[in-house]
>>> print(open('model-v3.cif').read())   # mmCIF, C-alpha atoms; chains and numbers go by the auth columns
data_input
#
loop_
_atom_site.group_PDB
_atom_site.id
_atom_site.type_symbol
_atom_site.label_atom_id
_atom_site.label_comp_id
_atom_site.label_asym_id
_atom_site.label_seq_id
_atom_site.Cartn_x
_atom_site.Cartn_y
_atom_site.Cartn_z
_atom_site.B_iso_or_equiv
_atom_site.auth_seq_id
_atom_site.auth_asym_id
ATOM 1 C CA MET A 1 0.000 0.000 0.000 0.00 1 A
ATOM 2 C CA GLU A 2 3.034 2.226 -0.445 0.00 2 A
ATOM 3 C CA ARG A 3 1.463 3.944 -3.445 0.00 3 A
ATOM 4 C CA VAL A 4 -1.669 4.718 -1.436 0.00 4 A
ATOM 5 C CA ASN A 5 0.477 6.270 1.276 0.00 5 A
ATOM 6 C CA ARG A 6 2.067 8.446 -1.405 0.00 6 A
ATOM 7 C CA ILE A 7 -1.396 9.777 -2.298 0.00 7 A
ATOM 8 C CA LEU A 8 -1.870 10.857 1.299 0.00 8 A
ATOM 9 C CA GLU A 9 1.348 12.868 1.157 0.00 9 A
ATOM 10 C CA HIS A 10 0.917 14.296 -2.348 0.00 10 A
ATOM 11 C CA SER A 11 0.861 18.098 -2.428 0.00 11 A
ATOM 12 C CA ILE A 12 -2.141 18.324 -4.776 0.00 12 A
ATOM 13 C CA TYR A 13 -4.101 15.896 -2.613 0.00 13 A
ATOM 14 C CA ARG A 14 -3.206 17.758 0.588 0.00 14 A
ATOM 15 C CA GLU A 15 -4.320 21.018 -1.022 0.00 15 A
ATOM 16 C CA CYS A 16 -7.633 19.431 -2.045 0.00 16 A
ATOM 17 C CA LEU A 17 -8.234 18.284 1.518 0.00 17 A
ATOM 18 C CA LYS A 18 -7.645 21.830 2.772 0.00 18 A
ATOM 19 C CA LYS A 19 -9.981 23.295 0.159 0.00 19 A
ATOM 20 C CA ASN A 20 -12.686 20.727 0.961 0.00 20 A
ATOM 21 C CA GLU A 21 -12.360 21.532 4.649 0.00 21 A
ATOM 22 C CA ALA A 22 -12.661 25.274 4.037 0.00 22 A
ATOM 23 C CA ALA A 23 -15.632 24.856 1.692 0.00 23 A
ATOM 24 C CA GLU A 24 -17.455 22.638 4.172 0.00 24 A
ATOM 25 C CA GLU A 25 -16.544 24.280 7.460 0.00 25 A
ATOM 26 C CA ASN A 26 -20.221 25.030 8.150 0.00 26 A
ATOM 27 C CA ARG A 27 -21.528 21.732 6.799 0.00 27 A
ATOM 28 C CA ARG A 28 -22.924 19.727 9.672 0.00 28 A
ATOM 29 C CA PHE A 29 -23.036 16.215 8.208 0.00 29 A
ATOM 30 C CA CYS A 30 -21.026 14.134 5.753 0.00 30 A
ATOM 31 C CA ARG A 31 -17.969 16.216 5.217 0.00 31 A
ATOM 32 C CA HIS A 32 -15.683 15.153 2.410 0.00 32 A
ATOM 33 C CA ASP A 33 -12.668 14.577 4.578 0.00 33 A
ATOM 34 C CA MET A 34 -10.345 11.753 5.558 0.00 34 A
ATOM 35 C CA ILE A 35 -13.010 10.112 7.725 0.00 35 A
ATOM 36 C CA HIS A 36 -15.369 9.960 4.740 0.00 36 A
ATOM 37 C CA PHE A 37 -12.652 8.739 2.362 0.00 37 A
ATOM 38 C CA LEU A 38 -11.563 5.939 4.700 0.00 38 A
ATOM 39 C CA ASP A 39 -15.173 4.900 5.368 0.00 39 A
ATOM 40 C CA VAL A 40 -15.698 4.589 1.617 0.00 40 A
ATOM 41 C CA ALA A 41 -12.436 2.630 1.229 0.00 41 A
ATOM 42 C CA ARG A 42 -13.353 0.158 3.965 0.00 42 A
ATOM 43 C CA ILE A 43 -16.860 -0.387 2.600 0.00 43 A
ATOM 44 C CA ALA A 44 -15.470 -0.900 -0.905 0.00 44 A
ATOM 45 C CA TRP A 45 -12.942 -3.411 0.429 0.00 45 A
ATOM 46 C CA ILE A 46 -15.647 -5.344 2.309 0.00 46 A
ATOM 47 C CA LEU A 47 -17.875 -5.447 -0.801 0.00 47 A
ATOM 48 C CA ASN A 48 -14.902 -6.541 -2.889 0.00 48 A
ATOM 49 C CA LEU A 49 -14.263 -9.449 -0.507 0.00 49 A
ATOM 50 C CA GLU A 50 -17.913 -10.418 -0.160 0.00 50 A
ATOM 51 C CA GLU A 51 -18.504 -10.373 -3.909 0.00 51 A
ATOM 52 C CA LYS A 52 -15.142 -12.009 -4.639 0.00 52 A
ATOM 53 C CA ALA A 53 -14.484 -9.266 -7.195 0.00 53 A
ATOM 54 C CA GLY A 54 -10.706 -9.601 -6.922 0.00 54 A
ATOM 55 C CA VAL A 55 -9.905 -5.906 -7.145 0.00 55 A
ATOM 56 C CA GLU A 56 -6.493 -5.027 -5.725 0.00 56 A
ATOM 57 C CA LYS A 57 -6.711 -3.269 -2.371 0.00 57 A
ATOM 58 C CA ALA A 58 -4.471 -0.400 -3.476 0.00 58 A
ATOM 59 C CA LEU A 59 -6.802 0.387 -6.397 0.00 59 A
ATOM 60 C CA LEU A 60 -9.868 0.451 -4.173 0.00 60 A
ATOM 61 C CA TYR A 61 -8.194 2.657 -1.601 0.00 61 A
ATOM 62 C CA ALA A 62 -6.835 5.009 -4.269 0.00 62 A
ATOM 63 C CA ALA A 63 -10.294 5.418 -5.791 0.00 63 A
ATOM 64 C CA ALA A 64 -11.856 5.975 -2.377 0.00 64 A
ATOM 65 C CA LEU A 65 -9.279 8.555 -1.338 0.00 65 A
ATOM 66 C CA LEU A 66 -9.628 10.467 -4.600 0.00 66 A
ATOM 67 C CA HIS A 67 -13.337 10.128 -5.407 0.00 67 A
ATOM 68 C CA ASP A 68 -14.330 13.417 -3.736 0.00 68 A
ATOM 69 C CA CYS A 69 -11.031 15.291 -3.772 0.00 69 A
ATOM 70 C CA GLY A 70 -12.545 17.849 -6.142 0.00 70 A
ATOM 71 C CA ARG A 71 -15.666 18.508 -4.072 0.00 71 A
ATOM 72 C CA TRP A 72 -14.448 22.051 -3.312 0.00 72 A
ATOM 73 C CA LYS A 73 -14.612 22.823 -7.039 0.00 73 A
ATOM 74 C CA GLN A 74 -18.334 22.107 -7.061 0.00 74 A
ATOM 75 C CA TYR A 75 -18.845 24.660 -4.302 0.00 75 A
ATOM 76 C CA GLU A 76 -16.547 27.136 -6.063 0.00 76 A
ATOM 77 C CA ASP A 77 -17.878 27.125 -9.619 0.00 77 A
ATOM 78 C CA GLY A 78 -20.493 24.381 -9.955 0.00 78 A
ATOM 79 C CA THR A 79 -18.260 21.784 -11.617 0.00 79 A
ATOM 80 C CA PRO A 80 -19.714 18.356 -10.779 0.00 80 A
ATOM 81 C CA HIS A 81 -17.437 16.948 -8.101 0.00 81 A
ATOM 82 C CA GLU A 82 -16.885 13.628 -9.846 0.00 82 A
ATOM 83 C CA GLU A 83 -15.622 15.498 -12.922 0.00 83 A
ATOM 84 C CA ALA A 84 -13.412 17.774 -10.850 0.00 84 A
ATOM 85 C CA SER A 85 -12.015 14.799 -8.935 0.00 85 A
ATOM 86 C CA ALA A 86 -11.368 12.886 -12.173 0.00 86 A
ATOM 87 C CA CYS A 87 -9.443 15.897 -13.508 0.00 87 A
ATOM 88 C CA LEU A 88 -7.294 16.210 -10.385 0.00 88 A
ATOM 89 C CA ALA A 89 -6.592 12.492 -9.895 0.00 89 A
ATOM 90 C CA PRO A 90 -4.441 11.595 -12.953 0.00 90 A
ATOM 91 C CA GLN A 91 -1.439 13.696 -11.929 0.00 91 A
ATOM 92 C CA ILE A 92 -1.616 12.376 -8.375 0.00 92 A
ATOM 93 C CA LEU A 93 -1.904 8.773 -9.557 0.00 93 A
ATOM 94 C CA THR A 94 0.949 9.141 -12.034 0.00 94 A
ATOM 95 C CA ASP A 95 3.199 10.732 -9.436 0.00 95 A
ATOM 96 C CA CYS A 96 2.363 7.950 -6.980 0.00 96 A
ATOM 97 C CA GLY A 97 3.339 5.144 -9.356 0.00 97 A
ATOM 98 C CA PHE A 98 0.032 3.827 -10.694 0.00 98 A
ATOM 99 C CA ALA A 99 0.264 2.326 -14.193 0.00 99 A
ATOM 100 C CA GLU A 100 -1.920 3.568 -17.044 0.00 100 A
ATOM 101 C CA GLU A 101 -4.340 0.630 -16.852 0.00 101 A
ATOM 102 C CA GLU A 102 -4.676 1.128 -13.087 0.00 102 A
ATOM 103 C CA ARG A 103 -5.272 4.858 -13.529 0.00 103 A
ATOM 104 C CA GLU A 104 -8.003 4.179 -16.079 0.00 104 A
ATOM 105 C CA CYS A 105 -9.732 1.789 -13.662 0.00 105 A
ATOM 106 C CA ILE A 106 -9.512 4.259 -10.770 0.00 106 A
ATOM 107 C CA LEU A 107 -10.719 7.174 -12.916 0.00 107 A
ATOM 108 C CA ALA A 108 -13.693 5.136 -14.122 0.00 108 A
ATOM 109 C CA ALA A 109 -14.647 4.489 -10.495 0.00 109 A
ATOM 110 C CA ILE A 110 -14.281 8.171 -9.642 0.00 110 A
ATOM 111 C CA ARG A 111 -16.380 9.282 -12.622 0.00 111 A
ATOM 112 C CA GLY A 112 -19.012 6.634 -11.941 0.00 112 A
ATOM 113 C CA HIS A 113 -19.622 7.170 -8.278 0.00 113 A
#
>>> encode(input="model-v3.cif", output="structure tokens")
Amino acid sequence: MERVNRILEHSIYRECLKKNEAAEENRRFCRHDMIHFLDVARIAWILNLEEKAGVEKALLYAAALLHDCGRWKQYEDGTPHEEASACLAPQILTDCGFAEEERECILAAIRGH
């Protein structure tokens, strides 16, 4: 899960977390923060195991961590958050060592959530 840990430390990702936090500081429920991202990752992993889907854990966690990273953009200018997240994720994924086929899989999950 080294590549997933790299996501957590990536400067673009860290900036997205800060922007999400600022945009949602007055939001009472379901903030798009690390708690939410890890909840989504754990649920995805459980479903993967239960359904015997065979998806690599690192791919599930990467998709979960990145699926709402662009939420702030939706608040800022109305860009749908899944589109904003899918635009931000490729550079992060590339920098963190995910191969093209893996990036495509993760981006499809982000766009489709």
>>> resolve_selection(input="model-v3.cif", expression="the PyMOL selection byres ((chain A and resi 105) around 12)", output="list of chain:residue names")
A:Val55, A:Glu56, A:Ala58, A:Leu59, A:Leu60, A:Ala62, A:Ala63, A:Ala86, A:Ala89, A:Pro90, A:Leu93, A:Phe98, A:Ala99, A:Glu100, A:Glu101, A:Glu102, A:Arg103, A:Glu104, A:Ile106, A:Leu107, A:Ala108, A:Ala109, A:Ile110, A:Arg111, A:Gly112
>>> atom_distance(input="model-v3.cif", atom1="atom CA of Leu17 of chain A", atom2="atom CA of Lys57 of chain A")
22.0 Å
>>> closest_residue(input="model-v3.cif", among="A:Tyr75, A:Glu51, A:His113, A:Gly70", to="Glu15 of chain A", atoms="only C-alpha atoms")
A:Gly70
>>> atom_distance(input="model-v3.cif", atom1="atom CA of Ile43 of chain A", atom2="atom CA of Leu65 of chain A")
12.4 Å
>>> closest_residue(input="model-v3.cif", among="A:Asn48, A:Ser85, A:Asn20, A:Asn5", to="Leu66 of chain A", atoms="all atoms listed in the file")
A:Ser85
>>> atom_distance(input="model-v3.cif", atom1="atom CA of Glu50 of chain A", atom2="atom CA of Met1 of chain A")
20.7 Å
>>> closest_residue(input="model-v3.cif", among="A:Glu9, A:Glu21, A:Gln74, A:Val4", to="Ala41 of chain A", atoms="only C-alpha atoms")
A:Val4
>>> axis_aligned_box(input="model-v3.cif", around="segment 81-85 of chain A", padding_each_side="6 Å", output="AutoDock Vina command-line options")
--center_x -14.7 --center_y 15.7 --center_z -10.5 --size_x 17.4 --size_y 16.1 --size_z 16.8
>>> closest_residue(input="model-v3.cif", among="A:Glu82, A:Tyr61, A:Gly97, A:Glu76", to="Val40 of chain A", atoms="all atoms listed in the file")
A:Tyr61
>>> decode(input="model-v3.cif", residues="segment 24-54 of chain A", atoms="C-alpha atoms", output="CSV table (one decimal), in the first residue's frame")
chain,number,residue,atom,x,y,z
A,24,GLU,CA,-17.5,22.6,4.2
A,25,GLU,CA,-16.5,24.3,7.5
A,26,ASN,CA,-20.2,25.0,8.1
A,27,ARG,CA,-21.5,21.7,6.8
A,28,ARG,CA,-22.9,19.7,9.7
A,29,PHE,CA,-23.0,16.2,8.2
A,30,CYS,CA,-21.0,14.1,5.8
A,31,ARG,CA,-18.0,16.2,5.2
A,32,HIS,CA,-15.7,15.2,2.4
A,33,ASP,CA,-12.7,14.6,4.6
A,34,MET,CA,-10.3,11.8,5.6
A,35,ILE,CA,-13.0,10.1,7.7
A,36,HIS,CA,-15.4,10.0,4.7
A,37,PHE,CA,-12.7,8.7,2.4
A,38,LEU,CA,-11.6,5.9,4.7
A,39,ASP,CA,-15.2,4.9,5.4
A,40,VAL,CA,-15.7,4.6,1.6
A,41,ALA,CA,-12.4,2.6,1.2
A,42,ARG,CA,-13.4,0.2,4.0
A,43,ILE,CA,-16.9,-0.4,2.6
A,44,ALA,CA,-15.5,-0.9,-0.9
A,45,TRP,CA,-12.9,-3.4,0.4
A,46,ILE,CA,-15.6,-5.3,2.3
A,47,LEU,CA,-17.9,-5.4,-0.8
A,48,ASN,CA,-14.9,-6.5,-2.9
A,49,LEU,CA,-14.3,-9.4,-0.5
A,50,GLU,CA,-17.9,-10.4,-0.2
A,51,GLU,CA,-18.5,-10.4,-3.9
A,52,LYS,CA,-15.1,-12.0,-4.6
A,53,ALA,CA,-14.5,-9.3,-7.2
A,54,GLY,CA,-10.7,-9.6,-6.9
